[in-house]
file start-v6.cif (mmCIF, N, CA and C atoms and all ligand atoms)
data_input
loop_
_atom_site.label_atom_id
_atom_site.label_comp_id
_atom_site.auth_asym_id
_atom_site.auth_seq_id
_atom_site.Cartn_x
_atom_site.Cartn_y
_atom_site.Cartn_z
N MET A 1 234.35 15.99 -34.95
CA MET A 1 235.13 15.76 -36.19
C MET A 1 234.21 15.86 -37.40
N ALA A 2 233.10 15.05 -37.35
CA ALA A 2 232.14 15.06 -38.46
C ALA A 2 231.50 16.43 -38.59
N SER A 3 231.18 17.04 -37.43
CA SER A 3 230.48 18.32 -37.52
C SER A 3 231.41 19.43 -38.04
N SER A 4 232.72 19.35 -37.67
CA SER A 4 233.61 20.41 -38.15
C SER A 4 233.84 20.31 -39.66
N SER A 5 233.86 19.06 -40.17
CA SER A 5 234.05 18.95 -41.62
C SER A 5 232.80 19.39 -42.37
N SER A 6 231.62 19.10 -41.79
CA SER A 6 230.41 19.55 -42.48
C SER A 6 230.29 21.08 -42.41
N THR A 7 230.77 21.65 -41.30
CA THR A 7 230.79 23.12 -41.21
C THR A 7 231.72 23.68 -42.28
N ALA A 8 232.86 23.02 -42.46
CA ALA A 8 233.81 23.47 -43.48
C ALA A 8 233.19 23.40 -44.87
N ILE A 9 232.46 22.33 -45.11
CA ILE A 9 231.80 22.17 -46.42
C ILE A 9 230.75 23.27 -46.60
N LEU A 10 230.00 23.53 -45.52
CA LEU A 10 228.97 24.56 -45.59
C LEU A 10 229.59 25.93 -45.91
N VAL A 11 230.71 26.24 -45.25
CA VAL A 11 231.39 27.51 -45.50
C VAL A 11 231.85 27.58 -46.96
N LEU A 12 232.37 26.44 -47.43
CA LEU A 12 232.85 26.37 -48.81
C LEU A 12 231.69 26.61 -49.79
N VAL A 13 230.56 25.96 -49.54
CA VAL A 13 229.39 26.10 -50.42
C VAL A 13 228.91 27.54 -50.43
N VAL A 14 228.79 28.13 -49.24
CA VAL A 14 228.29 29.51 -49.14
C VAL A 14 229.24 30.47 -49.85
N SER A 15 230.56 30.26 -49.68
CA SER A 15 231.49 31.19 -50.33
C SER A 15 231.48 31.00 -51.85
N CYS A 16 231.27 29.77 -52.32
CA CYS A 16 231.14 29.55 -53.76
C CYS A 16 229.90 30.24 -54.30
N MET A 17 228.80 30.13 -53.53
CA MET A 17 227.56 30.75 -53.97
C MET A 17 227.72 32.26 -54.10
N SER A 18 228.43 32.87 -53.15
CA SER A 18 228.57 34.32 -53.22
C SER A 18 229.42 34.73 -54.42
N VAL A 19 230.39 33.88 -54.77
CA VAL A 19 231.20 34.17 -55.97
C VAL A 19 230.32 34.12 -57.21
N VAL A 20 229.47 33.08 -57.27
CA VAL A 20 228.58 32.93 -58.43
C VAL A 20 227.64 34.13 -58.53
N CYS A 21 227.11 34.55 -57.38
CA CYS A 21 226.16 35.65 -57.40
C CYS A 21 226.81 36.97 -57.80
N SER A 22 228.06 37.16 -57.42
CA SER A 22 228.68 38.44 -57.72
C SER A 22 229.28 38.46 -59.13
N ALA A 23 229.50 37.28 -59.71
CA ALA A 23 230.04 37.26 -61.08
C ALA A 23 228.96 37.78 -62.02
N ARG A 24 229.36 38.67 -62.92
CA ARG A 24 228.38 39.26 -63.82
C ARG A 24 228.63 38.74 -65.23
N HIS A 25 227.59 38.18 -65.80
CA HIS A 25 227.70 37.71 -67.18
C HIS A 25 227.34 38.85 -68.12
N PRO A 26 228.00 38.92 -69.26
CA PRO A 26 227.66 39.98 -70.22
C PRO A 26 226.18 39.91 -70.60
N LYS A 27 225.58 41.07 -70.68
CA LYS A 27 224.18 41.16 -71.09
C LYS A 27 224.09 41.22 -72.60
N ARG A 28 222.97 40.79 -73.12
CA ARG A 28 222.69 40.88 -74.54
C ARG A 28 221.47 41.78 -74.66
N ILE A 29 221.66 42.94 -75.26
CA ILE A 29 220.59 43.92 -75.31
C ILE A 29 220.15 44.14 -76.75
N VAL A 30 218.88 43.87 -77.02
CA VAL A 30 218.35 44.14 -78.35
C VAL A 30 218.01 45.63 -78.41
N VAL A 31 218.67 46.34 -79.30
CA VAL A 31 218.48 47.78 -79.40
C VAL A 31 217.04 48.08 -79.83
N GLY A 32 216.35 48.84 -78.98
CA GLY A 32 214.96 49.17 -79.27
C GLY A 32 213.98 48.09 -78.83
N GLY A 33 214.48 47.02 -78.22
CA GLY A 33 213.60 45.95 -77.75
C GLY A 33 212.78 45.38 -78.91
N SER A 34 211.50 45.20 -78.69
CA SER A 34 210.65 44.62 -79.74
C SER A 34 210.48 45.57 -80.93
N GLN A 35 210.81 46.84 -80.72
CA GLN A 35 210.66 47.81 -81.82
C GLN A 35 211.84 47.73 -82.79
N THR A 36 212.88 47.06 -82.40
CA THR A 36 214.11 46.89 -83.19
C THR A 36 214.71 48.23 -83.62
N TRP A 37 215.47 48.21 -84.70
CA TRP A 37 216.23 49.39 -85.15
C TRP A 37 215.44 50.01 -86.30
N GLU A 38 214.71 51.07 -85.99
CA GLU A 38 213.83 51.63 -87.02
C GLU A 38 213.70 53.14 -86.89
N PHE A 39 213.14 53.71 -87.90
CA PHE A 39 212.99 55.15 -88.01
C PHE A 39 212.04 55.69 -86.93
N GLY A 40 212.48 56.76 -86.26
CA GLY A 40 211.57 57.49 -85.38
C GLY A 40 211.52 57.07 -83.92
N MET A 41 212.32 56.06 -83.52
CA MET A 41 212.35 55.66 -82.11
C MET A 41 213.23 56.62 -81.31
N ASP A 42 213.03 56.64 -80.00
CA ASP A 42 213.93 57.42 -79.14
C ASP A 42 214.95 56.47 -78.51
N TYR A 43 216.08 56.30 -79.19
CA TYR A 43 217.05 55.31 -78.72
C TYR A 43 217.85 55.78 -77.51
N SER A 44 217.96 57.09 -77.34
CA SER A 44 218.65 57.57 -76.15
C SER A 44 217.87 57.18 -74.91
N ASP A 45 216.55 57.25 -75.00
CA ASP A 45 215.68 56.83 -73.91
C ASP A 45 215.84 55.33 -73.66
N CYS A 46 215.88 54.55 -74.74
CA CYS A 46 216.07 53.10 -74.61
C CYS A 46 217.40 52.78 -73.93
N ALA A 47 218.44 53.50 -74.34
CA ALA A 47 219.77 53.26 -73.77
C ALA A 47 219.76 53.54 -72.28
N LEU A 48 219.09 54.61 -71.89
CA LEU A 48 219.00 54.94 -70.47
C LEU A 48 218.27 53.85 -69.69
N LYS A 49 217.18 53.37 -70.25
CA LYS A 49 216.38 52.36 -69.54
C LYS A 49 217.09 51.03 -69.42
N ASN A 50 217.99 50.73 -70.38
CA ASN A 50 218.70 49.45 -70.36
C ASN A 50 220.03 49.51 -69.62
N GLY A 51 220.43 50.71 -69.25
CA GLY A 51 221.74 50.87 -68.62
C GLY A 51 221.72 50.44 -67.18
N PRO A 52 222.86 50.41 -66.49
CA PRO A 52 224.16 50.70 -67.08
C PRO A 52 224.66 49.54 -67.94
N PHE A 53 225.51 49.86 -68.90
CA PHE A 53 226.13 48.85 -69.73
C PHE A 53 227.54 48.59 -69.21
N TYR A 54 228.00 47.37 -69.45
CA TYR A 54 229.35 46.99 -69.01
C TYR A 54 230.15 46.47 -70.20
N VAL A 55 231.46 46.54 -70.04
CA VAL A 55 232.36 46.00 -71.07
C VAL A 55 231.99 44.54 -71.33
N ASN A 56 231.97 44.19 -72.58
CA ASN A 56 231.60 42.85 -73.08
C ASN A 56 230.10 42.61 -73.19
N ASP A 57 229.28 43.60 -72.81
CA ASP A 57 227.86 43.49 -73.13
C ASP A 57 227.72 43.52 -74.65
N VAL A 58 226.63 42.93 -75.11
CA VAL A 58 226.43 42.79 -76.56
C VAL A 58 225.17 43.54 -76.98
N LEU A 59 225.32 44.41 -77.95
CA LEU A 59 224.16 45.09 -78.53
C LEU A 59 223.71 44.33 -79.76
N VAL A 60 222.43 44.15 -79.90
CA VAL A 60 221.89 43.46 -81.08
C VAL A 60 221.02 44.43 -81.87
N PHE A 61 221.39 44.62 -83.13
CA PHE A 61 220.62 45.49 -84.02
C PHE A 61 219.83 44.60 -84.98
N ARG A 62 218.52 44.73 -84.93
CA ARG A 62 217.68 43.94 -85.83
C ARG A 62 216.92 44.86 -86.78
N TYR A 63 217.01 44.58 -88.05
CA TYR A 63 216.25 45.34 -89.05
C TYR A 63 216.18 44.50 -90.32
N PRO A 64 215.10 44.65 -91.07
CA PRO A 64 214.94 43.82 -92.26
C PRO A 64 215.93 44.18 -93.35
N ALA A 65 216.34 43.19 -94.11
CA ALA A 65 217.19 43.43 -95.29
C ALA A 65 216.35 44.20 -96.31
N PRO A 66 217.02 44.90 -97.22
CA PRO A 66 216.26 45.66 -98.24
C PRO A 66 215.26 44.74 -98.94
N ASN A 67 214.01 45.14 -98.97
CA ASN A 67 212.95 44.28 -99.52
C ASN A 67 212.03 45.02 -100.48
N GLY A 68 212.43 46.25 -100.82
CA GLY A 68 211.58 47.01 -101.73
C GLY A 68 210.53 47.84 -101.02
N PHE A 69 210.31 47.53 -99.72
CA PHE A 69 209.36 48.31 -98.93
C PHE A 69 210.13 49.14 -97.92
N GLY A 70 209.74 50.37 -97.79
CA GLY A 70 210.39 51.22 -96.79
C GLY A 70 211.85 51.42 -97.11
N SER A 71 212.55 52.04 -96.20
CA SER A 71 213.95 52.37 -96.43
C SER A 71 214.82 51.46 -95.57
N PRO A 72 215.87 50.87 -96.15
CA PRO A 72 216.73 50.00 -95.35
C PRO A 72 217.53 50.78 -94.31
N HIS A 73 218.07 50.05 -93.35
CA HIS A 73 218.86 50.66 -92.29
C HIS A 73 220.26 50.05 -92.25
N SER A 74 221.12 50.69 -91.50
CA SER A 74 222.49 50.21 -91.33
C SER A 74 222.97 50.68 -89.96
N VAL A 75 224.19 50.31 -89.61
CA VAL A 75 224.76 50.75 -88.33
C VAL A 75 226.15 51.32 -88.58
N TYR A 76 226.36 52.54 -88.15
CA TYR A 76 227.65 53.19 -88.26
C TYR A 76 228.13 53.60 -86.88
N LEU A 77 229.46 53.66 -86.74
CA LEU A 77 230.07 54.24 -85.55
C LEU A 77 230.61 55.62 -85.93
N LEU A 78 230.22 56.61 -85.15
CA LEU A 78 230.72 57.96 -85.37
C LEU A 78 231.87 58.22 -84.41
N PRO A 79 232.86 59.03 -84.84
CA PRO A 79 234.10 59.11 -84.07
C PRO A 79 234.03 59.94 -82.79
N ASN A 80 233.09 60.87 -82.70
CA ASN A 80 233.09 61.74 -81.51
C ASN A 80 231.72 62.41 -81.33
N LEU A 81 231.61 63.17 -80.25
CA LEU A 81 230.33 63.79 -79.90
C LEU A 81 229.88 64.79 -80.96
N GLU A 82 230.84 65.51 -81.52
CA GLU A 82 230.47 66.52 -82.51
C GLU A 82 229.84 65.89 -83.76
N SER A 83 230.50 64.85 -84.27
CA SER A 83 229.93 64.18 -85.45
C SER A 83 228.60 63.52 -85.11
N PHE A 84 228.50 63.04 -83.89
CA PHE A 84 227.26 62.41 -83.43
C PHE A 84 226.14 63.44 -83.36
N SER A 85 226.42 64.58 -82.77
CA SER A 85 225.41 65.65 -82.64
C SER A 85 224.94 66.13 -84.01
N ASN A 86 225.89 66.22 -84.94
CA ASN A 86 225.57 66.77 -86.26
C ASN A 86 225.18 65.70 -87.29
N CYS A 87 225.20 64.43 -86.87
CA CYS A 87 224.98 63.34 -87.83
C CYS A 87 225.91 63.50 -89.03
N ASP A 88 227.17 63.74 -88.72
CA ASP A 88 228.20 63.91 -89.75
C ASP A 88 228.89 62.56 -89.96
N PHE A 89 228.66 61.97 -91.14
CA PHE A 89 229.19 60.64 -91.42
C PHE A 89 230.52 60.64 -92.17
N SER A 90 231.12 61.84 -92.33
CA SER A 90 232.34 61.92 -93.15
C SER A 90 233.47 61.06 -92.58
N LYS A 91 233.54 60.89 -91.26
CA LYS A 91 234.59 60.04 -90.67
C LYS A 91 233.99 58.82 -89.98
N ALA A 92 232.77 58.49 -90.35
CA ALA A 92 232.09 57.36 -89.71
C ALA A 92 232.59 56.03 -90.27
N ARG A 93 232.41 54.99 -89.50
CA ARG A 93 232.80 53.65 -89.94
C ARG A 93 231.56 52.76 -89.96
N GLU A 94 231.30 52.15 -91.09
CA GLU A 94 230.16 51.24 -91.17
C GLU A 94 230.50 49.95 -90.43
N VAL A 95 229.65 49.56 -89.50
CA VAL A 95 229.88 48.29 -88.80
C VAL A 95 228.88 47.21 -89.25
N ALA A 96 227.76 47.63 -89.81
CA ALA A 96 226.80 46.65 -90.34
C ALA A 96 226.09 47.26 -91.53
N ASN A 97 226.08 46.54 -92.64
CA ASN A 97 225.42 47.06 -93.83
C ASN A 97 223.91 46.80 -93.77
N THR A 98 223.22 47.15 -94.84
CA THR A 98 221.76 47.09 -94.81
C THR A 98 221.20 45.66 -94.73
N SER A 99 222.06 44.67 -94.97
CA SER A 99 221.58 43.28 -94.92
C SER A 99 221.90 42.56 -93.61
N GLN A 100 222.79 43.14 -92.82
CA GLN A 100 223.30 42.40 -91.65
C GLN A 100 222.38 42.38 -90.44
N GLY A 101 221.29 43.16 -90.49
CA GLY A 101 220.35 43.16 -89.36
C GLY A 101 219.26 42.12 -89.48
N GLU A 102 219.31 41.37 -90.57
CA GLU A 102 218.29 40.35 -90.86
C GLU A 102 218.33 39.21 -89.84
N GLY A 103 217.19 38.57 -89.65
CA GLY A 103 217.11 37.39 -88.79
C GLY A 103 217.38 37.71 -87.33
N ASP A 104 218.40 37.04 -86.76
CA ASP A 104 218.72 37.27 -85.35
C ASP A 104 219.38 38.62 -85.12
N GLY A 105 219.77 39.27 -86.19
CA GLY A 105 220.32 40.61 -86.07
C GLY A 105 221.83 40.64 -86.06
N PHE A 106 222.34 41.84 -86.05
CA PHE A 106 223.79 42.06 -86.03
C PHE A 106 224.22 42.28 -84.58
N GLU A 107 225.26 41.57 -84.17
CA GLU A 107 225.74 41.70 -82.79
C GLU A 107 227.00 42.55 -82.73
N PHE A 108 227.00 43.48 -81.80
CA PHE A 108 228.17 44.33 -81.60
C PHE A 108 228.60 44.21 -80.14
N VAL A 109 229.84 43.77 -79.92
CA VAL A 109 230.35 43.61 -78.55
C VAL A 109 231.00 44.92 -78.11
N LEU A 110 230.59 45.42 -76.97
CA LEU A 110 231.17 46.63 -76.40
C LEU A 110 232.46 46.25 -75.69
N GLU A 111 233.55 46.25 -76.45
CA GLU A 111 234.80 45.68 -75.93
C GLU A 111 235.59 46.61 -75.03
N GLN A 112 235.33 47.90 -75.16
CA GLN A 112 236.13 48.85 -74.38
C GLN A 112 235.25 49.76 -73.55
N SER A 113 235.86 50.30 -72.48
CA SER A 113 235.16 51.28 -71.68
C SER A 113 235.41 52.67 -72.27
N LYS A 114 234.67 52.97 -73.32
CA LYS A 114 234.76 54.26 -73.99
C LYS A 114 233.37 54.57 -74.53
N THR A 115 233.15 55.81 -74.95
CA THR A 115 231.83 56.15 -75.48
C THR A 115 231.73 55.71 -76.93
N TYR A 116 230.72 54.93 -77.21
CA TYR A 116 230.42 54.50 -78.58
C TYR A 116 229.26 55.34 -79.09
N TYR A 117 229.42 55.86 -80.29
CA TYR A 117 228.36 56.65 -80.91
C TYR A 117 227.81 55.87 -82.10
N PHE A 118 226.58 55.40 -81.98
CA PHE A 118 225.97 54.62 -83.06
C PHE A 118 224.95 55.47 -83.80
N ALA A 119 224.85 55.22 -85.11
CA ALA A 119 223.80 55.89 -85.88
C ALA A 119 223.53 55.09 -87.15
N CYS A 120 222.33 55.26 -87.66
CA CYS A 120 221.99 54.69 -88.96
C CYS A 120 222.52 55.65 -90.02
N GLY A 121 223.21 55.11 -91.02
CA GLY A 121 223.84 55.97 -92.03
C GLY A 121 223.05 56.12 -93.31
N GLU A 122 221.80 55.64 -93.32
CA GLU A 122 221.07 55.65 -94.59
C GLU A 122 220.52 57.03 -94.94
N ARG A 123 220.26 57.19 -96.22
CA ARG A 123 219.71 58.43 -96.78
C ARG A 123 220.59 59.64 -96.44
N ASN A 124 221.88 59.47 -96.59
CA ASN A 124 222.83 60.57 -96.31
C ASN A 124 222.65 61.18 -94.93
N GLY A 125 222.35 60.35 -93.96
CA GLY A 125 222.21 60.85 -92.59
C GLY A 125 220.81 61.27 -92.20
N LEU A 126 219.89 61.19 -93.12
CA LEU A 126 218.51 61.60 -92.82
C LEU A 126 217.89 60.76 -91.70
N HIS A 127 218.20 59.47 -91.65
CA HIS A 127 217.65 58.62 -90.59
C HIS A 127 218.20 59.03 -89.23
N CYS A 128 219.42 59.54 -89.25
CA CYS A 128 220.04 60.04 -88.02
C CYS A 128 219.43 61.38 -87.62
N VAL A 129 219.33 62.27 -88.58
CA VAL A 129 218.84 63.63 -88.30
C VAL A 129 217.35 63.64 -87.99
N ASP A 130 216.55 63.11 -88.93
CA ASP A 130 215.09 63.19 -88.79
C ASP A 130 214.48 61.98 -88.11
N GLY A 131 215.13 60.83 -88.26
CA GLY A 131 214.57 59.61 -87.70
C GLY A 131 215.07 59.30 -86.31
N ASN A 132 216.01 60.12 -85.82
CA ASN A 132 216.55 59.94 -84.47
C ASN A 132 217.19 58.56 -84.27
N MET A 133 217.69 57.99 -85.35
CA MET A 133 218.30 56.66 -85.24
C MET A 133 219.75 56.79 -84.80
N LYS A 134 219.90 57.16 -83.54
CA LYS A 134 221.25 57.28 -82.99
C LYS A 134 221.18 57.19 -81.47
N PHE A 135 222.26 56.74 -80.89
CA PHE A 135 222.38 56.74 -79.43
C PHE A 135 223.85 56.52 -79.08
N SER A 136 224.21 56.94 -77.90
CA SER A 136 225.58 56.72 -77.43
C SER A 136 225.53 55.87 -76.17
N VAL A 137 226.61 55.15 -75.94
CA VAL A 137 226.68 54.29 -74.76
C VAL A 137 228.12 54.25 -74.25
N LEU A 138 228.26 54.32 -72.94
CA LEU A 138 229.58 54.26 -72.31
C LEU A 138 229.61 53.06 -71.36
N PRO A 139 230.14 51.92 -71.83
CA PRO A 139 230.18 50.73 -70.98
C PRO A 139 231.15 50.94 -69.81
N LYS A 140 230.74 50.46 -68.65
CA LYS A 140 231.60 50.54 -67.47
C LYS A 140 232.55 49.37 -67.44
N ALA A 141 233.74 49.61 -66.98
CA ALA A 141 234.68 48.51 -66.74
C ALA A 141 234.27 47.83 -65.45
N TYR A 142 234.54 46.54 -65.30
CA TYR A 142 234.24 45.88 -64.03
C TYR A 142 235.26 44.83 -63.72
CU CU B 201 217.84 53.85 -90.85
#
call {"tool": "encode", "arguments": {"input": "start-v6.cif", "output": "structure tokens", "more": "lines below"}}
Ligand SMILES: [Cu+2]
result
Amino acid sequence: MASSSSTAILVLVVSCMSVVCSARHPKRIVVGGSQTWEFGMDYSDCALKNGPFYVNDVLVFRYPAPNGFGSPHSVYLLPNLESFSNCDFSKAREVANTSQGEGDGFEFVLEQSKTYYFACGERNGLHCVDGNMKFSVLPKAY
């Protein structure tokens, strides 16, 4: 009697543990790691190394607010691959202005399983074109 109930408890504990282990918590990924969001990084490479991404993962963009030194940065979403390839901001949507990357940074939740195209919109797209400040990510549903 005692042994069967302890066996039942053991089974319960083990099955709870496997649920905990298989549950996936959203990741928080700092874009560019310690290099943050800056001119001249290879963010496509960073995205590959940090992948795969899942729905509800959080991207963190960190960059200094305009301070008179260097050129400020921002975060835009581009609507499709063509605008992304060409750094065409005509239909882009600003998601973080030049001040929002300050401190702990700007957080963007990947809410849907679709391709997100991110780019810095500063200097009329020059940071995107010459600074390579762009990357795309396709979060997986789970
Ligand atoms: Cu920039």
call {"tool": "select_by_dssp", "arguments": {"input": "start-v6.cif", "residues": "stretch 24-139 of chain A", "states": "strand (DSSP E)", "output": "list in words"}}
result
Arg28, Ile29, Val30, Val58, Leu59, Val60, Phe61, Val75, Tyr76, Leu77, Leu78, Arg93, Glu94, Val95, Ala96, Phe106, Glu107, Phe108, Val109, Tyr116, Tyr117, Phe118, Ala119, Lys134, Phe135, Ser136 and Val137 of chain A
call {"tool": "residues_near_ligand", "arguments": {"input": "start-v6.cif", "ligand": "ligand CU 201 (chain B)", "cutoff": "6 Å", "atoms": "only C-alpha atoms and all ligand atoms", "output": "MDAnalysis selection string"}}
result
chainID A and resid 38:39 73:74 120 122 127
call {"tool": "closest_residue", "arguments": {"input": "start-v6.cif", "among": "A:Lys140, A:Phe135, A:Val58, A:Asp130", "to": "A:Ser44", "atoms": "only N, CA and C atoms"}}
result
A:Phe135
call {"tool": "closest_residue", "arguments": {"input": "start-v6.cif", "among": "A:Phe69, A:Phe106, A:Tyr54, A:Tyr117", "to": "A:Glu82", "atoms": "only C-alpha atoms"}}
result
A:Tyr117
call {"tool": "closest_residue", "arguments": {"input": "start-v6.cif", "among": "A:Gly40, A:Ala47, A:Leu77, A:Gly103", "to": "A:Lys91", "atoms": "only N, CA and C atoms"}}
result
A:Leu77
call {"tool": "residues_around", "arguments": {"input": "start-v6.cif", "residues": "A:Ile29", "least_positions_apart": "5", "cutoff": "8 Å", "atoms": "only N, CA and C atoms", "output": "list in words"}}
result
Asn50, Asp57, Val58, Leu59, Val60 and Phe61 of chain A
call {"tool": "write_last_selection", "arguments": {"input": "start-v6.cif", "atoms": "N, CA and C atoms", "output": "CSV table (one decimal), keeping the file's coordinate frame"}}
result
chain,number,residue,atom,x,y,z
A,50,ASN,N,218.0,50.7,-70.4
A,50,ASN,CA,218.7,49.4,-70.4
A,50,ASN,C,220.0,49.5,-69.6
A,57,ASP,N,229.3,43.6,-72.8
A,57,ASP,CA,227.9,43.5,-73.1
A,57,ASP,C,227.7,43.5,-74.6
A,58,VAL,N,226.6,42.9,-75.1
A,58,VAL,CA,226.4,42.8,-76.6
A,58,VAL,C,225.2,43.5,-77.0
A,59,LEU,N,225.3,44.4,-78.0
A,59,LEU,CA,224.2,45.1,-78.5
A,59,LEU,C,223.7,44.3,-79.8
A,60,VAL,N,222.4,44.2,-79.9
A,60,VAL,CA,221.9,43.5,-81.1
A,60,VAL,C,221.0,44.4,-81.9
A,61,PHE,N,221.4,44.6,-83.1
A,61,PHE,CA,220.6,45.5,-84.0
A,61,PHE,C,219.8,44.6,-85.0
call {"tool": "closest_residue", "arguments": {"input": "start-v6.cif", "among": "A:Asn56, A:Ser90, A:Thr36, A:Thr98", "to": "A:Ala141", "atoms": "only N, CA and C atoms"}}
result
A:Asn56
call {"tool": "atom_distance", "arguments": {"input": "start-v6.cif", "atom1": "atom C of A:Glu107", "atom2": "atom CA of A:Ser71"}}
result
21.3 Å
call {"tool": "atom_distance", "arguments": {"input": "start-v6.cif", "atom1": "atom C of A:Val75", "atom2": "atom C of A:Ala96"}}
result
5.0 Å
call {"tool": "select_by_dssp", "arguments": {"input": "start-v6.cif", "residues": "stretch 33-80 of chain A", "states": "alpha helix (DSSP H)", "output": "list in words"}}
result
Tyr43, Ser44, Asp45, Cys46, Ala47, Leu48, Lys49 and Asn50 of chain A
call {"tool": "atom_distance", "arguments": {"input": "start-v6.cif", "atom1": "atom N of A:Tyr63", "atom2": "atom C of A:Phe118"}}
result
14.1 Å
